[in-house]
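Asks: The structure follows.
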Amino acid sequence: MVALLIFADLETRHLNAAELPALGDASSGTVSPEKEHRLGRAWLRALRSRTPIMSDPLIHDYVEYLLYRLAEHSQLQDRRLELVIIKSPALNAFAVPGGIVGVNAGLFINAQTEQEFSSVIAHELAHLSQRHYSRNVDEAKRKQIPSMAALLASVVIAATVGGDAGIAAMTATQAAMLQGQLRFSRQNEQEADRIGLLTMVNAGMDPQAMASMFERMLASQRLLGSRPPEFLLTHPVTESRVADARSRANQYPKGEYPDQIEYYLMRNRILLKFESSAGHAVKQFEAELDNPKPMLAKAARYGLALAYKESHLEEKANKMLAPLLAEEPNRISYIVAFAEINQDSKKLKTVEALLRKNLELSPENHSLSLSLAKNLNLQQRYQESEAILLQLSKARPNDPNVWYELAEIHGLSGNILGVHQARAEYFILTGNMDRATEQLEFARVKASGNYQLSAKINQRMRDVQNYKEELKNF
């Protein structure tokens, strides 16, 4: 597949990423950071309405951890970041002004190490910190408006169909524009490579990983036999770019940069999701159990436990997971896997006790909290589950998955007003403003007589109308 790394940008009411504006200093451009933030969230709502999003909290928490670790060592001033992981095996990552950083799940499949994976995120953060897409907005508005909606469509096609189709979708409306601005694209890429590599160094990560990842992308492109014209890609990967990245990395002392096992655990969760069958995944992970690298052998054991669970072989799954839990009883990814495997009534209390014990060590942890809420739901203790999810919705108000789960549990607990409010928030975050309005109308009827709550719902309906206007041209 084509290594397609698409960047997107916004200006008022329009998606804007067909061209890269001319370079200036990082503070230039007529779009303010606050406007970027608002428009970035509008773009994200549009993306969620068209693209399957991965809702696995463990994977999200891990990538979010890496994102903030790197952001802390980047040149990014506004660190109000929002992560989105697209459920697609295609290799893709993007950044949108306003702090939106996205990766396809396929980045895990293609990046062989945590260092390589991190190099892509560091590169994306560099584009944000340098505000590459907020420069020379007037020029962008003059040339780019006709192609803005087409770019969002191409991102969606690349995620749901494949990279080749996404590039084809861009061709008609964007080829000439991209060709005309290629010199800016290459300058921006060089700057992002340089600053991204510096971010890696400052974060204590391997500067050689960026060149290694570029080499992997280049090899992937060569396997196609014929590659699309370079000007169609906003992130052209060439031999010279690989050499430049390697040359810069060689300026730093060589060192040891051990990967964390968590990367390989999450990678195997991803691989399982995209395998053709659980049985095939079982064979793949069984073959890795004897890997000479202990970390990879453990990750294979973890993946195999999950594959057995998908095959409804709970006893085998528990036996495979047991040594990992015994060695690291507080590793959250192992605890959540144990909860996922043991969802029958005989073991729900055991799972609950383990989850509560570890929530004392990691209060309000996203993954553990969701697992406990699901466990209590299975025990038909709906109000306890509801309380956990309500607290989680306050901590993570921009997480569609939390609102979806909360709406479900509100229904089971008999809180109909809560159902409508939670559904409205879910639909807002996923860009379905008509459904959000419908749910708020239902909520307003249920709240009749409660002035304070009715006023809150009315304000939310006004918010939805504003969001709807922002989404019109996406």
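Following the order of the structure tokens, first chain is A, next is B, and so on, with residues numbered from 1 inside each chain and ligands from 1 in the order they appear.
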Could you pull the residues within 8 Å of segment 287-298 of chain A, counting only C-alpha atoms, minus those fewer than 5 positions along the same chain, as a PyMOL selection string?

Replies: chain A and resi 261+264+324

Asks: Using only C-alpha atoms, determine which residues lie at most 12 Å from Gln251 of chain A, disregarding the query and same-chain residues fewer than 6 positions distant; provide the list as a list in words.

Replies: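 Result of the neighbour search: Arg194, Leu197, Leu198, Val201, Pro207, Gln208, Asp244 and Ala245 of chain A.
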
Asks: For the residues selected in the previous step, produce a file with C-alpha atoms as a PDB file, in the first residue's frame.

Replies:
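Written file, result01.pdb:
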```pdb
ATOM      1  CA  ARG A 194      14.619  18.625  11.629  1.00  0.00           C
ATOM      2  CA  LEU A 197      14.220  14.808  15.280  1.00  0.00           C
ATOM      3  CA  LEU A 198      15.172  17.417  17.895  1.00  0.00           C
ATOM      4  CA  VAL A 201      16.435  13.756  21.167  1.00  0.00           C
ATOM      5  CA  PRO A 207      17.208  10.058  16.621  1.00  0.00           C
ATOM      6  CA  GLN A 208      18.002   7.256  14.149  1.00  0.00           C
ATOM      7  CA  ASP A 244      19.184  13.822   5.243  1.00  0.00           C
ATOM      8  CA  ALA A 245      17.437  12.274   8.243  1.00  0.00           C
TER       9      ALA A 245
END
```

Asks: Tell me, as a list of chain:residue names, which residues lie within 6 Å of segment 112-119 of chain A, counting only C-alpha atoms; anything in the same chain fewer than 6 positions away does not count.

Replies: A:Ala209, A:Met210, A:Met213, A:Asp259, A:Tyr263

Asks: Near Glu425 of chain A, within 9 Å and counting only C-alpha atoms, which residues show up once chain neighbours fewer than 6 positions away are dropped, as a list of chain:residue names?

Replies: A:Pro397, A:Asn398, A:Pro400, A:Trp403, A:Tyr404, A:Ala436

Asks: Generate the output file for the selected residues, N, CA and C atoms, as an mmCIF file, in the first residue's frame.

Replies:
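So result_27.cif came out as:
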```cif
data_model
loop_
_atom_site.group_PDB
_atom_site.id
_atom_site.type_symbol
_atom_site.label_atom_id
_atom_site.label_comp_id
_atom_site.auth_asym_id
_atom_site.auth_seq_id
_atom_site.Cartn_x
_atom_site.Cartn_y
_atom_site.Cartn_z
ATOM 1 N N PRO A 397 -14.527 14.681 28.596
ATOM 2 C CA PRO A 397 -15.763 15.139 27.945
ATOM 3 C C PRO A 397 -15.739 15.069 26.422
ATOM 4 N N ASN A 398 -14.549 14.912 25.831
ATOM 5 C CA ASN A 398 -14.438 14.854 24.364
ATOM 6 C C ASN A 398 -14.254 13.442 23.836
ATOM 7 N N PRO A 400 -16.010 10.250 22.578
ATOM 8 C CA PRO A 400 -17.312 9.727 22.150
ATOM 9 C C PRO A 400 -17.644 8.373 22.760
ATOM 10 N N TRP A 403 -19.320 8.643 26.179
ATOM 11 C CA TRP A 403 -20.724 9.065 26.097
ATOM 12 C C TRP A 403 -21.605 7.941 25.562
ATOM 13 N N TYR A 404 -21.070 7.157 24.634
ATOM 14 C CA TYR A 404 -21.833 6.023 24.106
ATOM 15 C C TYR A 404 -22.133 5.022 25.225
ATOM 16 N N ALA A 436 -28.220 14.940 17.221
ATOM 17 C CA ALA A 436 -27.959 15.601 18.497
ATOM 18 C C ALA A 436 -29.113 16.532 18.859
#
```

Asks: Do a neighbour search on Arg356 of chain A at 9 Å with only C-alpha atoms, toss out local chain neighbours closer than 6 positions, and write the hits as a short mmCIF file (atom, residue, chain, number, x, y, z; two decimals) with N, CA and C atoms, in the first residue's frame.

Replies:
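And here is the file that came out, out37.cif:
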```cif
data_model
loop_
_atom_site.label_atom_id
_atom_site.label_comp_id
_atom_site.auth_asym_id
_atom_site.auth_seq_id
_atom_site.Cartn_x
_atom_site.Cartn_y
_atom_site.Cartn_z
N LEU A 368 -9.09 1.17 33.17
CA LEU A 368 -9.59 0.42 34.32
C LEU A 368 -11.02 0.82 34.68
N SER A 369 -11.32 2.12 34.59
CA SER A 369 -12.67 2.60 34.92
C SER A 369 -13.70 2.04 33.96
N LEU A 372 -14.24 -1.63 34.76
CA LEU A 372 -15.04 -1.82 35.96
C LEU A 372 -16.51 -1.50 35.69
#
```

Asks: One decimal, Å: what's the distance from atom CA of Gln284 of chain A over to atom CA of Ile53 of chain A, could you say?

Replies: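 Spanning atom CA of Gln284 of chain A to atom CA of Ile53 of chain A is a straight-line distance of 25.4 Å.
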
Asks: Identify all residues of segment 287-339 of chain A in helix (DSSP H, G or I) (DSSP on the backbone) and supply them as an NGL selection string.

Replies: :A and (287-288 or 294-310 or 314-327 or 332-339)

Asks: Quick one: residues within 9 Å of Arg331 of chain A, only C-alpha atoms counted, chain neighbours fewer than 5 positions away excluded, as a PDB file with N, CA and C atoms, in the first residue's frame?

Replies:
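Final file, selection02.pdb:
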```
ATOM      1  N   LEU A 325       0.598 -12.044  34.272  1.00  0.00           N
ATOM      2  CA  LEU A 325       0.013 -11.394  35.443  1.00  0.00           C
ATOM      3  C   LEU A 325       0.820 -11.684  36.700  1.00  0.00           C
ATOM      4  N   VAL A 336      -6.714  -5.545  32.257  1.00  0.00           N
ATOM      5  CA  VAL A 336      -7.860  -5.361  31.346  1.00  0.00           C
ATOM      6  C   VAL A 336      -8.069  -6.612  30.503  1.00  0.00           C
ATOM      7  N   ASN A 358      -6.586  -2.197  41.641  1.00  0.00           N
ATOM      8  CA  ASN A 358      -5.668  -1.427  40.797  1.00  0.00           C
ATOM      9  C   ASN A 358      -6.143   0.000  40.563  1.00  0.00           C
TER      10      ASN A 358
END
```

Asks: Which residues of segment 259-356 of chain A come within 8 Å of segment 375-396 of chain A, and what is each one's closest atom pair and distance in Å (one decimal), counting only C-alpha atoms, sorted by chain and residue number, as a Markdown table?

Replies:
```
| residue | atom | partner | partner_atom | distance |
| --- | --- | --- | --- | --- |
| A:Ala339 | CA | A:Asn375 | CA | 7.8 |
| A:Gln343 | CA | A:Asn375 | CA | 7.5 |
| A:Ser345 | CA | A:Gln379 | CA | 7.5 |
| A:Leu348 | CA | A:Asn375 | CA | 6.6 |
| A:Val351 | CA | A:Asn375 | CA | 7.6 |
| A:Glu352 | CA | A:Asn375 | CA | 6.6 |
```

Asks: Name all residues at most 10 Å from Ala322 of chain A (count only C-alpha atoms; drop same-chain ones fewer than 6 positions away) and give them as a compact mmCIF listing (two decimals) with C-alpha atoms, in the first residue's frame.

Replies:
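Output below, filename result-v4.txt:
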```
# COMPACT_ATOMS: atom_id res chain seq x y z
CA ARG A 301 1.84 -14.64 24.77
CA TYR A 302 -0.39 -11.63 25.42
CA ALA A 305 -4.31 -15.01 25.19
CA LYS A 316 -6.57 -21.55 27.37
CA GLU A 328 3.59 -7.96 36.63
CA PRO A 329 0.34 -8.03 38.60
CA TYR A 334 -2.76 -7.43 31.60
CA PHE A 338 -8.02 -10.61 32.32
```

Asks: Let me make sure I understand: among A:Ser333, A:Ser49, A:Ser212, A:Asn250, which one has the smallest atom-to-atom distance to Val237 of chain A if we use only C-alpha atoms?

Replies: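 Answer, going by the shortest atom-to-atom distance: A:Ser212.
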